[in-house]
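Below: the structure, in structure tokens.
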Amino acid sequence: MGHYRLFSEKDALQKQENLNTPFTLIVTIEDPEQQAPVYTSTIQSLDANNFSHNSIEVDNSIHLSNQG
């Protein structure tokens, strides 16, 4: 364990604070054969484990131009 981490943990205990590290995780959920309710079950698991989450809609449009 690093010295800074040890110091931070002891300091947080002394101050009765919770240590946390904010982060972002982007997950792609895919079921190409559409055989399982992967999206619903994944969202239910995130909720059951108190994860904060948002759905993101992506526009996969491709615009081509031939200027020749």
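Residues in the structure tokens are numbered from 1 in each chain, the chains being A, B, ... in the order shown, and ligands are numbered from 1 in the order shown.
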
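With only C-alpha atoms taken into account, the protein and nucleic acid residues at most 12 Å from segment 16-32 of chain A (excluding it and anything under 3 positions from it in its own chain) are Arg5, Leu6, Phe7, Ser8, Glu9, Lys10, Asp11, Ala12, Leu13, Gln35, Ala36, Pro37, Val38, Tyr39, Thr40, Ser41, Thr42, Ile43, Leu46, Phe51, Ser52, His53, Asn54, Ser55, Ile56, Glu57 and Val58 of chain A.
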